[in-house]
file run25.csv (CSV, C-alpha atoms)
chain,number,residue,atom,x,y,z
A,1,MET,CA,0.0,0.0,0.0
A,2,LEU,CA,2.9,2.4,0.8
A,3,GLU,CA,4.4,1.7,-2.6
A,4,PHE,CA,1.1,2.5,-4.3
A,5,LEU,CA,0.8,5.8,-2.5
A,6,THR,CA,4.4,6.7,-3.3
A,7,THR,CA,4.0,6.0,-7.0
A,8,PHE,CA,0.6,7.9,-7.0
A,9,LYS,CA,2.3,10.9,-5.5
A,10,ASP,CA,5.1,10.9,-8.0
A,11,ARG,CA,2.9,10.7,-11.1
A,12,GLU,CA,2.4,13.9,-13.1
A,13,ASP,CA,-0.1,12.7,-15.7
A,14,GLY,CA,-3.0,14.6,-14.0
A,15,ALA,CA,-1.0,17.8,-13.8
A,16,VAL,CA,-0.7,18.0,-17.5
A,17,THR,CA,-4.5,17.6,-17.8
A,18,VAL,CA,-5.1,20.4,-15.3
A,19,ASP,CA,-2.7,22.7,-17.2
A,20,TRP,CA,-4.6,22.1,-20.4
A,21,VAL,CA,-8.0,22.7,-18.8
A,22,VAL,CA,-6.8,26.0,-17.2
A,23,LEU,CA,-5.3,27.1,-20.5
A,24,THR,CA,-8.4,26.3,-22.5
A,25,ALA,CA,-10.6,28.1,-20.0
A,26,ALA,CA,-8.4,31.2,-20.2
A,27,ILE,CA,-8.6,31.2,-24.0
A,28,VAL,CA,-12.4,30.8,-23.9
A,29,GLY,CA,-12.7,33.6,-21.4
A,30,LEU,CA,-10.5,35.9,-23.4
A,31,SER,CA,-12.4,35.1,-26.6
A,32,VAL,CA,-15.8,35.9,-24.9
A,33,ALA,CA,-14.4,39.2,-23.6
A,34,VAL,CA,-13.1,40.2,-27.1
A,35,ILE,CA,-16.3,39.2,-28.8
A,36,THR,CA,-18.4,41.1,-26.3
A,37,THR,CA,-16.2,44.2,-26.7
A,38,ILE,CA,-16.4,44.1,-30.5
A,39,GLY,CA,-20.1,43.3,-30.4
A,40,VAL,CA,-20.9,46.4,-28.3
A,41,GLY,CA,-18.9,48.6,-30.7
A,42,ALA,CA,-20.5,47.1,-33.8
A,43,MET,CA,-24.0,47.6,-32.3
A,44,ASN,CA,-23.2,51.2,-31.6
A,45,LYS,CA,-22.1,51.8,-35.2
A,46,THR,CA,-25.0,49.9,-36.6
A,47,GLY,CA,-27.4,52.1,-34.5
A,48,SER,CA,-25.7,55.3,-35.7
A,49,LEU,CA,-25.9,54.2,-39.3
A,50,GLY,CA,-29.5,53.3,-39.0
A,51,ASN,CA,-30.4,56.6,-37.5
A,52,ARG,CA,-28.5,58.4,-40.3
A,53,LEU,CA,-30.2,56.4,-43.0
A,54,THR,CA,-33.7,57.1,-41.6
A,55,THR,CA,-33.1,60.9,-41.6
A,56,LEU,CA,-32.0,60.9,-45.3
A,57,SER,CA,-34.6,61.8,-47.9
A,58,ILE,CA,-34.3,60.2,-51.3
A,59,THR,CA,-35.1,62.3,-54.3
A,60,GLY,CA,-35.2,61.3,-57.9
A,61,PHE,CA,-36.8,58.6,-60.0
A,62,GLU,CA,-39.7,60.8,-60.7
call {"tool": "encode", "arguments": {"input": "run25.csv", "output": "structure tokens"}}
result
Amino acid sequence: MLEFLTTFKDREDGAVTVDWVVLTAAIVGLSVAVITTIGVGAMNKTGSLGNRLTTLSITGFE
């Protein structure tokens, strides 16, 4: 039993998995933050463009 506990303590297989999980979570979190920031800016520009287009009057084709 003591030998099993010693070898279990010395293994590093699980540590690599934890590293990958943390790295993947950080990448996903950063991606969500970037997409949110870009989305807010795009929505503001879209609203401004929509307001500008509704105030224009189209003349011609008469």
call {"tool": "atom_distance", "arguments": {"input": "run25.csv", "atom1": "CA of Val32 in chain A", "atom2": "CA of Asn51 in chain A"}}
result
28.3 Å
call {"tool": "atom_distance", "arguments": {"input": "run25.csv", "atom1": "CA of Ile35 in chain A", "atom2": "CA of Val22 in chain A"}}
result
20.0 Å
call {"tool": "atom_distance", "arguments": {"input": "run25.csv", "atom1": "CA of Arg52 in chain A", "atom2": "CA of Val40 in chain A"}}
result
18.6 Å
call {"tool": "decode", "arguments": {"input": "run25.csv", "residues": "range 5-30 of chain A", "atoms": "N, CA, C and O atoms", "output": "PDB file, in the first residue's frame"}}
result
ATOM      1  N   LEU A   5       0.973   4.408  -2.814  1.00  0.00           N
ATOM      2  CA  LEU A   5       0.846   5.830  -2.485  1.00  0.00           C
ATOM      3  C   LEU A   5       2.056   6.626  -2.964  1.00  0.00           C
ATOM      4  O   LEU A   5       1.914   7.766  -3.428  1.00  0.00           O
ATOM      5  N   THR A   6       3.219   6.053  -2.874  1.00  0.00           N
ATOM      6  CA  THR A   6       4.435   6.727  -3.327  1.00  0.00           C
ATOM      7  C   THR A   6       4.407   6.933  -4.840  1.00  0.00           C
ATOM      8  O   THR A   6       4.701   8.030  -5.322  1.00  0.00           O
ATOM      9  N   THR A   7       4.029   5.897  -5.579  1.00  0.00           N
ATOM     10  CA  THR A   7       3.980   6.045  -7.037  1.00  0.00           C
ATOM     11  C   THR A   7       2.838   6.979  -7.453  1.00  0.00           C
ATOM     12  O   THR A   7       2.970   7.732  -8.411  1.00  0.00           O
ATOM     13  N   PHE A   8       1.738   6.962  -6.727  1.00  0.00           N
ATOM     14  CA  PHE A   8       0.619   7.862  -7.026  1.00  0.00           C
ATOM     15  C   PHE A   8       1.041   9.310  -6.832  1.00  0.00           C
ATOM     16  O   PHE A   8       0.708  10.193  -7.623  1.00  0.00           O
ATOM     17  N   LYS A   9       1.785   9.580  -5.786  1.00  0.00           N
ATOM     18  CA  LYS A   9       2.252  10.937  -5.492  1.00  0.00           C
ATOM     19  C   LYS A   9       3.243  11.432  -6.543  1.00  0.00           C
ATOM     20  O   LYS A   9       3.256  12.607  -6.892  1.00  0.00           O
ATOM     21  N   ASP A  10       4.050  10.516  -7.075  1.00  0.00           N
ATOM     22  CA  ASP A  10       5.092  10.905  -8.017  1.00  0.00           C
ATOM     23  C   ASP A  10       4.597  11.053  -9.457  1.00  0.00           C
ATOM     24  O   ASP A  10       5.294  11.641 -10.285  1.00  0.00           O
ATOM     25  N   ARG A  11       3.435  10.570  -9.783  1.00  0.00           N
ATOM     26  CA  ARG A  11       2.916  10.674 -11.148  1.00  0.00           C
ATOM     27  C   ARG A  11       2.550  12.122 -11.462  1.00  0.00           C
ATOM     28  O   ARG A  11       2.071  12.855 -10.613  1.00  0.00           O
ATOM     29  N   GLU A  12       2.753  12.507 -12.705  1.00  0.00           N
ATOM     30  CA  GLU A  12       2.432  13.861 -13.119  1.00  0.00           C
ATOM     31  C   GLU A  12       1.441  13.880 -14.286  1.00  0.00           C
ATOM     32  O   GLU A  12       1.246  14.907 -14.931  1.00  0.00           O
ATOM     33  N   ASP A  13       0.807  12.767 -14.576  1.00  0.00           N
ATOM     34  CA  ASP A  13      -0.135  12.697 -15.691  1.00  0.00           C
ATOM     35  C   ASP A  13      -1.308  13.649 -15.502  1.00  0.00           C
ATOM     36  O   ASP A  13      -1.720  14.343 -16.417  1.00  0.00           O
ATOM     37  N   GLY A  14      -1.859  13.705 -14.308  1.00  0.00           N
ATOM     38  CA  GLY A  14      -3.009  14.569 -14.045  1.00  0.00           C
ATOM     39  C   GLY A  14      -2.652  16.038 -14.092  1.00  0.00           C
ATOM     40  O   GLY A  14      -3.485  16.876 -14.433  1.00  0.00           O
ATOM     41  N   ALA A  15      -1.428  16.384 -13.756  1.00  0.00           N
ATOM     42  CA  ALA A  15      -1.009  17.786 -13.757  1.00  0.00           C
ATOM     43  C   ALA A  15      -1.056  18.365 -15.163  1.00  0.00           C
ATOM     44  O   ALA A  15      -1.431  19.528 -15.358  1.00  0.00           O
ATOM     45  N   VAL A  16      -0.701  17.580 -16.151  1.00  0.00           N
ATOM     46  CA  VAL A  16      -0.749  18.044 -17.533  1.00  0.00           C
ATOM     47  C   VAL A  16      -2.194  18.303 -17.952  1.00  0.00           C
ATOM     48  O   VAL A  16      -2.498  19.300 -18.610  1.00  0.00           O
ATOM     49  N   THR A  17      -3.091  17.453 -17.532  1.00  0.00           N
ATOM     50  CA  THR A  17      -4.505  17.643 -17.845  1.00  0.00           C
ATOM     51  C   THR A  17      -5.031  18.922 -17.217  1.00  0.00           C
ATOM     52  O   THR A  17      -5.758  19.685 -17.855  1.00  0.00           O
ATOM     53  N   VAL A  18      -4.666  19.168 -15.989  1.00  0.00           N
ATOM     54  CA  VAL A  18      -5.101  20.392 -15.311  1.00  0.00           C
ATOM     55  C   VAL A  18      -4.553  21.616 -16.038  1.00  0.00           C
ATOM     56  O   VAL A  18      -5.263  22.612 -16.218  1.00  0.00           O
ATOM     57  N   ASP A  19      -3.311  21.557 -16.459  1.00  0.00           N
ATOM     58  CA  ASP A  19      -2.736  22.674 -17.205  1.00  0.00           C
ATOM     59  C   ASP A  19      -3.531  22.961 -18.472  1.00  0.00           C
ATOM     60  O   ASP A  19      -3.812  24.119 -18.788  1.00  0.00           O
ATOM     61  N   TRP A  20      -3.878  21.918 -19.208  1.00  0.00           N
ATOM     62  CA  TRP A  20      -4.633  22.106 -20.449  1.00  0.00           C
ATOM     63  C   TRP A  20      -6.027  22.659 -20.182  1.00  0.00           C
ATOM     64  O   TRP A  20      -6.538  23.490 -20.927  1.00  0.00           O
ATOM     65  N   VAL A  21      -6.659  22.189 -19.121  1.00  0.00           N
ATOM     66  CA  VAL A  21      -8.000  22.686 -18.785  1.00  0.00           C
ATOM     67  C   VAL A  21      -7.942  24.166 -18.425  1.00  0.00           C
ATOM     68  O   VAL A  21      -8.767  24.965 -18.874  1.00  0.00           O
ATOM     69  N   VAL A  22      -6.970  24.555 -17.634  1.00  0.00           N
ATOM     70  CA  VAL A  22      -6.830  25.965 -17.249  1.00  0.00           C
ATOM     71  C   VAL A  22      -6.498  26.816 -18.466  1.00  0.00           C
ATOM     72  O   VAL A  22      -7.068  27.910 -18.647  1.00  0.00           O
ATOM     73  N   LEU A  23      -5.615  26.358 -19.320  1.00  0.00           N
ATOM     74  CA  LEU A  23      -5.258  27.102 -20.523  1.00  0.00           C
ATOM     75  C   LEU A  23      -6.455  27.259 -21.452  1.00  0.00           C
ATOM     76  O   LEU A  23      -6.714  28.348 -21.983  1.00  0.00           O
ATOM     77  N   THR A  24      -7.222  26.205 -21.632  1.00  0.00           N
ATOM     78  CA  THR A  24      -8.405  26.263 -22.491  1.00  0.00           C
ATOM     79  C   THR A  24      -9.447  27.203 -21.915  1.00  0.00           C
ATOM     80  O   THR A  24     -10.066  27.990 -22.647  1.00  0.00           O
ATOM     81  N   ALA A  25      -9.650  27.170 -20.608  1.00  0.00           N
ATOM     82  CA  ALA A  25     -10.610  28.070 -19.967  1.00  0.00           C
ATOM     83  C   ALA A  25     -10.177  29.524 -20.121  1.00  0.00           C
ATOM     84  O   ALA A  25     -11.019  30.411 -20.355  1.00  0.00           O
ATOM     85  N   ALA A  26      -8.895  29.787 -20.025  1.00  0.00           N
ATOM     86  CA  ALA A  26      -8.399  31.156 -20.202  1.00  0.00           C
ATOM     87  C   ALA A  26      -8.619  31.627 -21.633  1.00  0.00           C
ATOM     88  O   ALA A  26      -9.022  32.781 -21.859  1.00  0.00           O
ATOM     89  N   ILE A  27      -8.376  30.779 -22.599  1.00  0.00           N
ATOM     90  CA  ILE A  27      -8.584  31.151 -24.004  1.00  0.00           C
ATOM     91  C   ILE A  27     -10.054  31.415 -24.278  1.00  0.00           C
ATOM     92  O   ILE A  27     -10.410  32.393 -24.947  1.00  0.00           O
ATOM     93  N   VAL A  28     -10.928  30.578 -23.752  1.00  0.00           N
ATOM     94  CA  VAL A  28     -12.367  30.774 -23.947  1.00  0.00           C
ATOM     95  C   VAL A  28     -12.820  32.071 -23.284  1.00  0.00           C
ATOM     96  O   VAL A  28     -13.587  32.843 -23.861  1.00  0.00           O
ATOM     97  N   GLY A  29     -12.366  32.323 -22.081  1.00  0.00           N
ATOM     98  CA  GLY A  29     -12.723  33.557 -21.376  1.00  0.00           C
ATOM     99  C   GLY A  29     -12.253  34.795 -22.113  1.00  0.00           C
ATOM    100  O   GLY A  29     -12.995  35.783 -22.239  1.00  0.00           O
ATOM    101  N   LEU A  30     -11.043  34.767 -22.614  1.00  0.00           N
ATOM    102  CA  LEU A  30     -10.518  35.895 -23.373  1.00  0.00           C
ATOM    103  C   LEU A  30     -11.293  36.090 -24.670  1.00  0.00           C
ATOM    104  O   LEU A  30     -11.594  37.224 -25.061  1.00  0.00           O
TER     105      LEU A  30
END
